[in-house]
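For reference, final00.txt is printed below; it contains compact mmCIF, C-alpha atoms.
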# COMPACT_ATOMS: atom_id res chain seq x y z
CA MET A 1 89.28 129.68 143.47
CA ALA A 2 86.21 127.67 144.57
CA GLN A 3 84.38 130.83 145.52
CA ARG A 4 85.20 132.38 142.15
CA ILE A 5 83.85 129.35 140.29
CA ASP A 6 80.69 129.37 142.40
CA ARG A 7 80.11 133.01 141.58
CA PHE A 8 80.80 132.22 137.91
CA ARG A 9 78.13 129.47 137.88
CA ALA A 10 75.68 131.68 139.69
CA GLY A 11 76.24 134.33 137.08
CA LEU A 12 75.52 131.86 134.31
CA LEU A 13 72.29 130.77 135.95
CA ALA A 14 71.27 134.39 136.37
CA GLY A 15 71.81 134.89 132.65
CA GLY A 16 73.56 138.24 133.12
CA LEU A 17 75.66 137.89 129.96
CA LEU A 18 73.97 140.09 127.39
CA LEU A 19 76.06 143.18 128.02
CA LEU A 20 79.30 141.21 127.94
CA LEU A 21 78.30 139.53 124.72
CA MET A 22 77.69 142.90 123.15
CA LEU A 23 81.00 144.36 124.28
CA THR A 24 83.40 141.51 123.60
CA GLY A 25 84.80 141.66 120.06
CA PRO A 26 87.44 139.82 118.04
CA ALA A 27 91.05 140.43 118.99
CA GLN A 28 92.82 139.84 115.71
CA ALA A 29 90.59 139.75 112.64
CA VAL A 30 88.74 142.84 111.48
CA VAL A 31 84.95 142.82 111.45
CA VAL A 32 84.22 144.70 108.23
CA ASP A 33 81.21 146.98 108.18
CA ARG A 34 79.52 148.64 105.20
CA LEU A 35 79.77 145.53 103.07
CA TYR A 36 76.36 146.43 101.65
CA GLN A 37 77.10 150.06 100.72
CA ALA A 38 78.20 151.23 97.28
CA VAL A 39 79.11 154.46 95.52
CA VAL A 40 78.60 154.74 91.75
CA PRO A 41 79.41 157.75 89.52
CA VAL A 42 76.41 158.75 87.38
CA GLU A 43 75.84 161.17 84.50
CA ASP A 44 72.46 162.40 85.73
CA THR A 45 69.51 161.52 87.96
CA GLY A 46 67.39 160.08 85.17
CA ALA A 47 65.74 156.66 85.38
CA GLY A 48 68.09 155.02 82.90
CA ALA A 49 71.26 156.15 84.67
CA ARG A 50 69.74 155.22 88.03
CA ASP A 51 68.83 151.69 86.97
CA GLU A 52 72.32 151.00 85.62
CA ALA A 53 73.82 152.51 88.80
CA PHE A 54 71.72 150.10 90.86
CA ARG A 55 73.16 147.19 88.90
CA GLU A 56 76.70 148.49 89.38
CA ALA A 57 76.05 148.95 93.12
CA LEU A 58 74.91 145.33 93.27
CA ARG A 59 78.09 144.24 91.46
CA GLN A 60 80.22 146.12 94.00
CA VAL A 61 78.50 144.46 96.94
CA LEU A 62 78.56 141.00 95.38
CA LEU A 63 82.29 141.30 94.68
CA ARG A 64 82.96 142.01 98.38
CA LEU A 65 80.69 139.19 99.50
CA THR A 66 81.75 136.46 97.08
CA GLY A 67 85.33 137.51 96.33
CA ASP A 68 84.82 136.02 92.87
CA PRO A 69 84.73 138.41 89.88
CA ALA A 70 83.62 135.62 87.52
CA GLU A 71 80.71 134.83 89.83
CA VAL A 72 79.67 138.47 89.84
CA ARG A 73 79.77 138.66 86.03
CA GLU A 74 77.55 135.59 85.87
CA LEU A 75 75.05 136.93 88.37
CA VAL A 76 74.89 140.51 87.06
CA PRO A 77 76.34 140.63 83.54
CA ALA A 78 76.96 143.94 81.83
CA ALA A 79 74.63 144.85 78.98
CA GLU A 80 77.11 143.60 76.39
CA GLU A 81 77.77 140.40 78.38
CA ASP A 82 74.30 138.91 78.27
CA SER A 83 74.29 135.64 80.20
CA ALA A 84 71.79 132.85 79.75
CA THR A 85 72.72 130.80 82.84
CA GLU A 86 70.09 129.95 85.43
CA ARG A 87 72.01 131.84 88.09
CA THR A 88 71.74 135.18 86.28
CA LEU A 89 69.47 137.62 88.09
CA ASP A 90 66.13 138.33 86.49
CA GLY A 91 64.34 141.63 86.73
CA ASP A 92 65.20 144.94 88.30
CA ALA A 93 68.19 145.37 90.62
CA ALA A 94 66.16 148.00 92.48
CA ARG A 95 64.58 145.26 94.61
CA PHE A 96 67.91 144.87 96.40
CA ILE A 97 68.19 148.59 97.24
CA ASP A 98 67.18 149.69 100.73
CA ALA A 99 68.06 153.38 100.29
CA PHE A 100 69.93 155.67 97.91
CA SER A 101 70.84 159.31 97.50
CA TYR A 102 72.75 161.57 95.12
CA ARG A 103 75.80 163.52 96.24
CA ARG A 104 78.43 165.76 94.69
CA ASN A 105 82.08 164.82 95.14
CA GLU A 106 84.45 167.46 93.76
CA GLY A 107 81.88 168.36 91.15
CA GLU A 108 81.16 164.75 90.13
CA LEU A 109 77.67 163.34 90.68
CA GLU A 110 77.53 160.05 92.63
CA LEU A 111 74.76 157.68 93.63
CA HIS A 112 75.21 156.32 97.17
CA ALA A 113 73.25 153.13 97.78
CA THR A 114 72.65 150.80 100.73
CA LEU A 115 71.60 147.30 99.73
CA SER A 116 69.37 144.95 101.68
CA ALA A 117 71.49 142.31 103.41
CA PRO A 118 68.56 139.83 103.80
CA ALA A 119 67.55 140.18 100.13
CA VAL A 120 71.10 139.79 98.83
CA GLY A 121 71.81 136.93 101.24
CA GLN A 122 68.67 135.06 100.22
CA MET A 123 69.49 135.47 96.54
CA LEU A 124 73.03 134.08 97.04
CA ALA A 125 71.76 131.20 99.17
CA GLU A 126 69.15 130.24 96.56
CA ARG A 127 71.89 130.05 93.96
CA GLY A 128 74.31 128.17 96.21
CA VAL A 129 76.95 130.91 96.06
CA ALA A 130 79.72 130.81 98.67
CA VAL A 131 79.99 133.96 100.80
CA TRP A 132 83.01 135.48 102.50
CA GLY A 133 81.94 136.61 105.96
CA ALA A 134 82.47 139.95 107.67
CA ASN A 135 85.30 138.56 109.85
CA ARG A 136 88.31 139.13 107.63
CA PRO A 137 92.05 138.74 108.13
CA ARG A 138 94.12 141.87 108.53
CA VAL A 139 96.96 142.11 106.00
CA LEU A 140 100.09 144.04 107.01
CA VAL A 141 101.64 145.51 103.85
CA TRP A 142 105.35 146.37 103.48
CA PHE A 143 105.26 148.38 100.25
CA ALA A 144 108.65 149.55 98.88
CA VAL A 145 108.89 151.78 95.80
CA ASP A 146 111.93 152.68 93.66
CA ASP A 147 111.13 155.59 91.37
CA ARG A 148 114.23 156.15 89.22
CA GLY A 149 116.60 155.60 92.13
CA ASP A 150 114.46 157.40 94.73
CA ARG A 151 113.55 154.54 97.10
CA GLU A 152 110.93 154.76 99.87
CA LEU A 153 108.62 152.65 102.00
CA ILE A 154 104.94 153.56 101.85
CA HIS A 155 104.00 153.95 105.51
CA ARG A 156 101.64 155.63 107.93
CA GLU A 157 102.67 158.76 109.77
CA ASN A 158 103.67 158.20 113.38
CA THR A 159 101.21 160.80 114.61
CA LEU A 160 97.71 160.38 115.95
CA PRO A 161 94.72 162.67 116.04
CA PRO A 162 94.45 163.86 119.65
CA PHE A 163 90.82 162.77 120.01
CA LEU A 164 91.61 159.10 119.34
CA GLU A 165 92.08 156.98 122.43
CA GLU A 166 93.09 153.97 120.37
CA PRO A 167 95.35 154.56 117.35
CA MET A 168 93.99 151.48 115.57
CA GLN A 169 90.41 152.73 115.75
CA PRO A 170 88.88 153.27 112.31
CA LEU A 171 89.86 156.61 110.82
CA ASP A 172 87.34 158.27 108.56
CA ARG A 173 88.09 159.56 105.10
CA GLU A 174 88.75 163.14 106.16
CA ALA A 175 90.98 162.15 109.10
CA ILE A 176 93.50 160.35 106.90
CA ALA A 177 93.24 162.62 103.85
CA ALA A 178 96.38 164.51 104.82
CA GLU A 179 98.40 161.29 104.65
CA ARG A 180 97.29 160.35 101.16
CA GLY A 181 99.93 159.98 98.50
CA PRO A 182 100.17 158.59 94.98
CA TRP A 183 100.33 155.06 96.39
CA LYS A 184 98.31 155.45 99.60
CA GLU A 185 95.26 156.76 97.79
CA PRO A 186 94.83 153.70 95.54
CA LEU A 187 95.67 151.37 98.44
CA TRP A 188 92.89 152.96 100.48
CA ALA A 189 90.43 152.89 97.57
CA GLU A 190 91.14 149.26 96.61
CA SER A 191 90.93 148.02 100.19
CA GLN A 192 87.44 149.54 100.28
CA ARG A 193 86.45 148.09 96.92
CA ARG A 194 87.33 144.54 97.95
CA GLY A 195 86.55 144.81 101.67
CA LEU A 196 90.07 143.70 102.54
CA PRO A 197 91.55 145.21 105.75
CA LEU A 198 95.02 146.53 104.98
CA ALA A 199 97.51 148.02 107.44
CA LEU A 200 100.76 149.88 106.87
CA PRO A 201 103.72 150.05 109.29
CA PHE A 202 105.01 153.29 110.78
CA HIS A 203 108.60 152.74 109.57
CA ASP A 204 109.79 154.64 112.64
CA GLU A 205 113.05 154.20 114.54
CA ARG A 206 111.84 150.97 116.07
CA ASP A 207 111.04 149.50 112.65
CA ARG A 208 114.31 150.70 111.14
CA ALA A 209 116.24 149.04 113.97
CA GLU A 210 114.62 145.72 112.98
CA VAL A 211 114.66 145.90 109.20
CA SER A 212 116.42 148.14 106.68
CA LEU A 213 114.86 149.56 103.55
CA SER A 214 117.32 147.47 101.52
CA GLU A 215 116.08 144.31 103.22
CA ILE A 216 112.47 145.28 102.53
CA TRP A 217 113.36 145.97 98.90
CA GLY A 218 115.06 142.58 98.72
CA LEU A 219 111.90 140.94 100.13
CA PHE A 220 113.99 139.30 102.86
CA ASP A 221 111.24 137.70 104.87
CA ARG A 222 113.12 136.98 108.11
CA PRO A 223 113.90 140.60 109.17
CA ILE A 224 110.54 141.80 107.82
CA LYS A 225 108.73 139.21 109.94
CA GLN A 226 110.78 140.27 112.94
CA ALA A 227 109.71 143.89 112.47
CA SER A 228 106.11 142.78 111.91
CA ARG A 229 105.81 141.23 115.36
CA ARG A 230 104.79 144.55 116.92
CA TYR A 231 101.80 144.90 114.58
CA PRO A 232 98.53 142.97 114.91
CA HIS A 233 98.03 141.09 111.66
CA ASP A 234 96.90 137.76 110.25
CA LEU A 235 98.87 137.86 107.00
CA MET A 236 101.83 139.84 105.73
CA ALA A 237 102.32 141.12 102.19
CA THR A 238 105.69 142.29 100.88
CA VAL A 239 105.78 144.38 97.72
CA ARG A 240 108.51 146.10 95.73
CA VAL A 241 107.61 148.38 92.84
CA ASN A 242 109.91 149.97 90.29
CA ARG A 243 109.68 151.78 86.98
CA ALA A 244 109.58 149.52 83.95
CA GLY A 245 109.52 151.20 80.56
CA GLY A 246 106.67 153.66 80.63
CA GLY A 247 104.91 151.90 83.48
CA TRP A 248 105.47 149.98 86.69
CA ARG A 249 106.49 146.49 87.72
CA ALA A 250 105.55 145.06 91.14
CA ARG A 251 106.82 141.84 92.65
CA TRP A 252 104.88 140.61 95.68
CA GLN A 253 104.63 137.82 98.23
CA LEU A 254 101.85 136.93 100.67
CA TRP A 255 102.76 135.22 103.95
CA ARG A 256 100.77 133.48 106.65
CA GLY A 257 103.25 133.03 109.47
CA ASP A 258 106.24 131.21 108.01
CA GLU A 259 104.27 129.94 105.02
CA ARG A 260 104.42 131.82 101.73
CA VAL A 261 100.92 131.25 100.45
CA ALA A 262 101.18 133.15 97.16
CA ASP A 263 103.44 135.36 95.06
CA GLY A 264 103.44 137.01 91.69
CA VAL A 265 104.45 139.87 89.40
CA VAL A 266 102.24 142.72 88.20
CA ARG A 267 102.96 145.01 85.24
CA GLU A 268 100.73 148.03 84.59
CA ASN A 269 101.09 151.54 83.21
CA GLU A 270 99.34 153.34 86.08
CA ARG A 271 99.84 153.24 89.83
CA ARG A 272 96.13 152.70 90.40
CA MET A 273 96.09 149.64 88.15
CA VAL A 274 99.17 148.20 89.86
CA VAL A 275 97.49 148.45 93.25
CA GLN A 276 94.21 147.10 91.88
CA GLN A 277 95.95 144.02 90.52
CA LEU A 278 97.76 143.49 93.84
CA VAL A 279 94.69 143.81 96.03
CA ASP A 280 92.63 141.68 93.63
CA ALA A 281 95.24 138.92 93.83
CA TRP A 282 95.23 138.98 97.64
CA ALA A 283 91.45 139.23 97.98
CA ASP A 284 90.81 136.48 95.43
CA ARG A 285 93.21 134.18 97.25
CA LEU A 286 91.69 134.85 100.67
CA ALA A 287 88.12 134.57 99.41
CA GLU A 288 88.90 131.10 98.06
CA ARG A 289 90.06 130.13 101.53
CA TYR A 290 87.36 131.76 103.64
CA ALA A 291 84.21 131.76 101.48
CA VAL A 292 81.55 129.38 102.81
CA ALA A 293 78.80 127.87 100.68
CA PRO A 294 75.28 127.95 102.17
CA PRO A 295 74.07 124.71 103.77
CA ARG A 296 71.65 122.58 101.80
CA GLY A 297 69.18 120.40 103.66
CA GLY A 298 71.11 118.23 106.08
CA ASP A 299 74.54 119.56 105.10
CA LEU A 300 75.15 121.16 108.49
CA ARG A 301 77.86 119.43 110.49
CA SER A 302 78.19 119.28 114.25
CA ALA A 303 81.14 119.25 116.60
CA LEU A 304 81.80 119.32 120.31
CA MET A 305 84.30 121.99 121.22
CA LYS A 306 86.00 121.97 124.62
CA VAL A 307 87.64 125.24 125.64
CA THR A 308 89.83 125.47 128.72
CA GLY A 309 90.92 128.62 130.51
CA VAL A 310 87.36 129.93 130.83
CA GLU A 311 87.44 131.20 134.41
CA THR A 312 85.25 134.31 134.39
CA LEU A 313 82.02 135.64 132.97
CA ALA A 314 84.06 137.87 130.67
CA SER A 315 85.99 134.92 129.23
CA TYR A 316 82.78 132.91 128.86
CA ALA A 317 81.18 135.77 126.94
CA GLY A 318 84.35 136.24 124.90
CA VAL A 319 84.42 132.62 123.73
CA ARG A 320 80.78 132.60 122.69
CA ARG A 321 80.97 135.98 121.05
CA ALA A 322 84.08 135.00 119.09
CA LEU A 323 82.53 131.79 117.79
CA ALA A 324 79.07 133.15 117.05
CA GLY A 325 80.49 135.78 114.70
CA LEU A 326 82.20 133.27 112.40
CA GLU A 327 80.68 132.73 108.97
CA PRO A 328 80.69 128.89 108.99
CA ILE A 329 79.02 128.60 112.42
CA ARG A 330 75.23 128.56 112.49
CA SER A 331 74.62 127.95 116.19
CA VAL A 332 76.55 127.78 119.46
CA GLN A 333 75.03 125.92 122.42
CA VAL A 334 76.59 125.45 125.84
CA LYS A 335 76.54 121.83 126.98
CA THR A 336 78.56 121.89 130.19
CA VAL A 337 80.50 124.29 132.40
CA GLN A 338 82.94 122.58 134.74
CA GLN A 339 85.66 124.48 136.60
CA ASP A 340 87.49 126.35 133.82
CA HIS A 341 86.26 124.00 131.07
CA LEU A 342 83.50 125.02 128.68
CA THR A 343 81.98 122.44 126.34
CA LEU A 344 80.06 123.78 123.36
CA ASP A 345 77.92 122.14 120.71
CA LEU A 346 78.65 123.78 117.35
CA ALA A 347 76.62 123.51 114.18
CA PHE A 348 78.58 124.59 111.10
CA ASN A 349 78.70 124.14 107.36
CA GLY A 350 81.63 123.75 105.02
CA ASP A 351 84.88 121.91 105.52
CA LEU A 352 86.51 121.54 108.91
CA SER A 353 89.63 123.23 107.54
CA VAL A 354 87.62 126.38 106.77
CA LEU A 355 86.17 126.39 110.29
CA HIS A 356 89.68 126.02 111.67
CA ASP A 357 90.90 128.95 109.55
CA TYR A 358 88.11 131.17 110.84
CA ILE A 359 88.77 130.23 114.46
CA GLY A 360 92.44 130.97 113.86
CA LEU A 361 91.60 134.59 113.05
CA ASP A 362 91.11 135.16 116.79
CA GLU A 363 94.44 134.68 118.54
CA ARG A 364 92.72 134.23 121.91
CA LEU A 365 91.56 130.75 120.83
CA MET A 366 94.59 128.46 120.63
CA LEU A 367 94.83 124.81 119.73
CA ALA A 368 95.26 122.68 122.83
CA GLY A 369 97.12 119.86 121.09
CA GLY A 370 96.20 117.19 118.61
CA PRO A 371 96.42 117.40 114.82
CA PRO A 372 96.89 120.73 113.00
CA ASP A 373 93.16 121.22 112.41
CA GLY A 374 92.38 120.88 116.11
CA ALA A 375 90.20 117.79 115.63
CA ILE A 376 90.79 114.81 117.88
CA PRO A 377 89.95 111.53 116.10
CA ALA A 378 86.47 110.37 117.06
CA ASP A 379 85.85 107.39 119.27
CA PRO A 380 85.10 104.35 117.05
CA GLU A 381 81.80 104.00 118.91
CA ASP A 382 81.01 107.69 118.65
CA ASP A 383 81.39 109.64 115.41
CA THR A 384 81.12 113.04 117.09
CA LEU A 385 83.78 115.46 115.94
CA ARG A 386 85.70 116.92 118.89
CA LEU A 387 87.75 120.11 118.93
CA TYR A 388 90.09 121.15 121.76
CA TYR A 389 91.11 124.76 122.28
CA ARG A 390 92.43 126.96 125.05
CA TRP A 391 91.22 130.51 125.73
CA ASP A 392 93.74 133.21 126.55
CA GLY A 393 92.11 136.61 126.73
CA GLU A 394 95.42 138.26 127.56
CA ARG A 395 96.83 137.43 124.13
CA GLY A 396 94.31 139.78 122.63
CA SER A 397 95.10 142.61 125.03
CA SER A 398 98.86 142.34 124.49
CA MET A 399 98.50 143.29 120.82
CA LEU A 400 95.31 145.27 120.95
CA PRO A 401 95.31 148.55 119.08
CA GLY A 402 95.96 151.45 121.33
CA ARG A 403 99.57 150.75 122.21
CA GLY A 404 100.96 153.26 119.71
CA GLU A 405 101.85 150.53 117.24
CA VAL A 406 100.02 150.92 113.96
CA GLN A 407 97.27 152.69 112.11
CA GLU A 408 95.18 150.99 109.48
CA ILE A 409 94.05 151.77 106.01
CA VAL A 410 90.47 150.99 106.95
CA PRO A 411 88.64 149.54 103.95
CA LEU A 412 85.21 149.89 105.48
CA ASP A 413 84.30 150.86 109.01
CA SER A 414 85.06 148.27 111.67
CA ALA A 415 82.28 147.47 114.10
CA GLU A 416 82.24 144.93 116.87
CA ASP A 417 78.60 144.16 116.30
CA ALA A 418 78.59 144.10 112.51
CA GLY A 419 78.26 141.21 110.09
CA GLY A 420 79.25 137.66 110.83
CA SER A 421 77.24 134.56 110.27
CA GLY A 422 74.22 135.51 112.28
CA ALA A 423 74.77 132.45 114.45
CA THR A 424 72.18 131.77 117.11
CA LEU A 425 73.26 132.11 120.71
CA GLN A 426 71.28 129.65 122.79
Is it possible to express this structure as structure tokens?
Amino acid sequence: MAQRIDRFRAGLLAGGLLLLLMLTGPAQAVVVDRLYQAVVPVEDTGAGARDEAFREALRQVLLRLTGDPAEVRELVPAAEEDSATERTLDGDAARFIDAFSYRRNEGELELHATLSAPAVGQMLAERGVAVWGANRPRVLVWFAVDDRGDRELIHRENTLPPFLEEPMQPLDREAIAAERGPWKEPLWAESQRRGLPLALPFHDERDRAEVSLSEIWGLFDRPIKQASRRYPHDLMATVRVNRAGGGWRARWQLWRGDERVADGVVRENERRMVVQQLVDAWADRLAERYAVAPPRGGDLRSALMKVTGVETLASYAGVRRALAGLEPIRSVQVKTVQQDHLTLDLAFNGDLSVLHDYIGLDERLMLAGGPPDGAIPADPEDDTLRLYYRWDGERGSSMLPGRGEVQEIVPLDSAEDAGGSGATLQ
């Protein structure tokens, strides 16, 4: 053990961590890529249609980043919704566009745009708008439908493309096209629109041994949670949809562990609108919880975080990589390394509860005792905030994709090196 620690310290002094930092990604949450890309249908390639498409592209991106439709309407109002507030954008939306092109999709003309992350980020920071980071919780969706007595669970096929080594790897649009259905298609589209990672179960023999379709339809949370244990997820949504008059009625619940955090009923005439209302409700709720306002002046807070179980270079890199990618954290500095204990100096903004929620998205970082938010009361003579966690890299590997468990409806491509807070590693 002593020799291993000595080699560990020597490795730290040598600074040979860059590769590990690049390769170590989050175990539980999804890092959402393409937050700054938008697709807008257009009538033609004329200047007028292009300018309005740029504004719509900006609205799409802002909705993913803020999670607040009202905020988006205030920042970029439609022509008939002229806003006089100071936060409303002045001038041409083209200044936020990095690149664009026109493409045909089944005969329809579309403008594909990539927006400038620095320009959009600066604009939101100047206006004090809270932003939902790229690390986002994965929502496992149990979606039961009764269509005039024909009852089914919307699920993913228990087959994998042969070229995929890991079944949870992002699947592109063409790869999952064969699985699309009248409910899967809008689920896929709405998860992209809001940047909310959704996953569906296989509903194979293993699932059916844990939970029956009747229990799913009854929204019985206990057996559904039991069946959900095999799937990596941060939250679980249960939905039952049935015909109601000429339309549809959906009752839903959203769970975080044993806590039901939200529920509701949706009534719409079209399947697409039912799914849109569902995903909007989930995304709005999560954005309220995870969105972080930009720091102003001396608003940054600091905390000392002690992490035990850090015995190797890989675990050291994993801890720093996990923390540096979180939206509230602005910098991560190593103070001490002693045996398997790593002490870090964190600078973050926002409430401690939000920081705790973000850390909780990575199951490898576990509270090591103390109050629910992980903060040990400060010494009366020292007002430094102290957080105590334990690192368990094996927890990530036990539920990592690639064990034949689940395939995702990928809202936007996942990427280990995408997004996050841009925290400084020092």
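What separates atom CA of A:Leu115 from atom CA of A:Asp98 is a distance of 5.1 Å.
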Sphere at (77.4, 122.0, 130.4), radius 12 Å, counting all atoms listed in the file: residues as an MDAnalysis selection string: chainID A and resid 9 12:13 304:307 333:345
Those selected residues, please, written with C-alpha atoms and delivered as a PDB file, keeping the file's coordinate frame.
ATOM      1  CA  ARG A   9      78.130 129.470 137.880  1.00  0.00           C
ATOM      2  CA  LEU A  12      75.520 131.860 134.310  1.00  0.00           C
ATOM      3  CA  LEU A  13      72.290 130.770 135.950  1.00  0.00           C
ATOM      4  CA  LEU A 304      81.800 119.320 120.310  1.00  0.00           C
ATOM      5  CA  MET A 305      84.300 121.990 121.220  1.00  0.00           C
ATOM      6  CA  LYS A 306      86.000 121.970 124.620  1.00  0.00           C
ATOM      7  CA  VAL A 307      87.640 125.240 125.640  1.00  0.00           C
ATOM      8  CA  GLN A 333      75.030 125.920 122.420  1.00  0.00           C
ATOM      9  CA  VAL A 334      76.590 125.450 125.840  1.00  0.00           C
ATOM     10  CA  LYS A 335      76.540 121.830 126.980  1.00  0.00           C
ATOM     11  CA  THR A 336      78.560 121.890 130.190  1.00  0.00           C
ATOM     12  CA  VAL A 337      80.500 124.290 132.400  1.00  0.00           C
ATOM     13  CA  GLN A 338      82.940 122.580 134.740  1.00  0.00           C
ATOM     14  CA  GLN A 339      85.660 124.480 136.600  1.00  0.00           C
ATOM     15  CA  ASP A 340      87.490 126.350 133.820  1.00  0.00           C
ATOM     16  CA  HIS A 341      86.260 124.000 131.070  1.00  0.00           C
ATOM     17  CA  LEU A 342      83.500 125.020 128.680  1.00  0.00           C
ATOM     18  CA  THR A 343      81.980 122.440 126.340  1.00  0.00           C
ATOM     19  CA  LEU A 344      80.060 123.780 123.360  1.00  0.00           C
ATOM     20  CA  ASP A 345      77.920 122.140 120.710  1.00  0.00           C
TER      21      ASP A 345
END
Exercise: stretch 192-200 of chain A partners within 9 Å, all atoms listed in the file, chain neighbours under 6 positions left out, as an NGL selection string: :A and (29-30 or 32-35 or 38 or 60-61 or 63-65 or 67 or 134 or 136-143 or 154-156 or 231 or 233 or 279-280 or 282-283 or 406-412)
Pairwise distance for atom CA of A:Ala262 and atom CA of A:Arg151, rounded to one decimal in Å: 24.7 Å
Spatial sel., origin (75.3, 148.2, 88.6), limit 10 Å, all atoms listed in the file, listed as a VMD selection string: chain A and resid 38 40 49 to 61 76 to 78 93 to 94
Would you mind exporting C-alpha atoms of the selected residues as a PDB file, in the frame of the given file?
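This is the output file selection-v5.pdb:
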ATOM      1  CA  ALA A  38      78.200 151.230  97.280  1.00  0.00           C
ATOM      2  CA  VAL A  40      78.600 154.740  91.750  1.00  0.00           C
ATOM      3  CA  ALA A  49      71.260 156.150  84.670  1.00  0.00           C
ATOM      4  CA  ARG A  50      69.740 155.220  88.030  1.00  0.00           C
ATOM      5  CA  ASP A  51      68.830 151.690  86.970  1.00  0.00           C
ATOM      6  CA  GLU A  52      72.320 151.000  85.620  1.00  0.00           C
ATOM      7  CA  ALA A  53      73.820 152.510  88.800  1.00  0.00           C
ATOM      8  CA  PHE A  54      71.720 150.100  90.860  1.00  0.00           C
ATOM      9  CA  ARG A  55      73.160 147.190  88.900  1.00  0.00           C
ATOM     10  CA  GLU A  56      76.700 148.490  89.380  1.00  0.00           C
ATOM     11  CA  ALA A  57      76.050 148.950  93.120  1.00  0.00           C
ATOM     12  CA  LEU A  58      74.910 145.330  93.270  1.00  0.00           C
ATOM     13  CA  ARG A  59      78.090 144.240  91.460  1.00  0.00           C
ATOM     14  CA  GLN A  60      80.220 146.120  94.000  1.00  0.00           C
ATOM     15  CA  VAL A  61      78.500 144.460  96.940  1.00  0.00           C
ATOM     16  CA  VAL A  76      74.890 140.510  87.060  1.00  0.00           C
ATOM     17  CA  PRO A  77      76.340 140.630  83.540  1.00  0.00           C
ATOM     18  CA  ALA A  78      76.960 143.940  81.830  1.00  0.00           C
ATOM     19  CA  ALA A  93      68.190 145.370  90.620  1.00  0.00           C
ATOM     20  CA  ALA A  94      66.160 148.000  92.480  1.00  0.00           C
TER      21      ALA A  94
END
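Separating atom CA of A:Phe202 from atom CA of A:Arg267 is a distance of 26.9 Å.
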Near-A:Ala209 list (12 Å; all atoms listed in the file; drop same-chain fewer than 6 positions) as JSON, numbers by chain: {"A": [203, 215, 223, 224, 226, 227]}
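The nearest approach to A:Val145 among the residues A:Gly133, A:Gly360, A:Pro182, A:Pro41, with only C-alpha atoms taken into account, belongs to A:Pro182.
Distance check against A:Leu124 using all atoms listed in the file: of A:Ala293, A:Arg222, A:Ala79, A:Val261, the minimum falls on A:Ala293.
Look at A:Ile216: the protein and nucleic acid residues within 8 Å of it, using all atoms listed in the file and passing over chain neighbours fewer than 4 places away, are Trp142, Ala144, Val211, Ser212, Phe220, Ile224, Thr238 and Arg240 of chain A.
Counting only C-alpha atoms, the residue from A:Asn269, A:Thr114, A:Gln253, A:Gln277 that sits nearest to A:Gly218 is A:Gln253.
Comparing A:Asp284, A:Glu43, A:Asp92, A:Asp362 by their smallest distance to A:Pro232, the closest is A:Asp362 (using only C-alpha atoms).
With only C-alpha atoms as the atoms that count, the minimum distance from A:Thr384 to the choices A:Met123, A:Val129, A:Val42, A:Leu346 is reached by A:Leu346.
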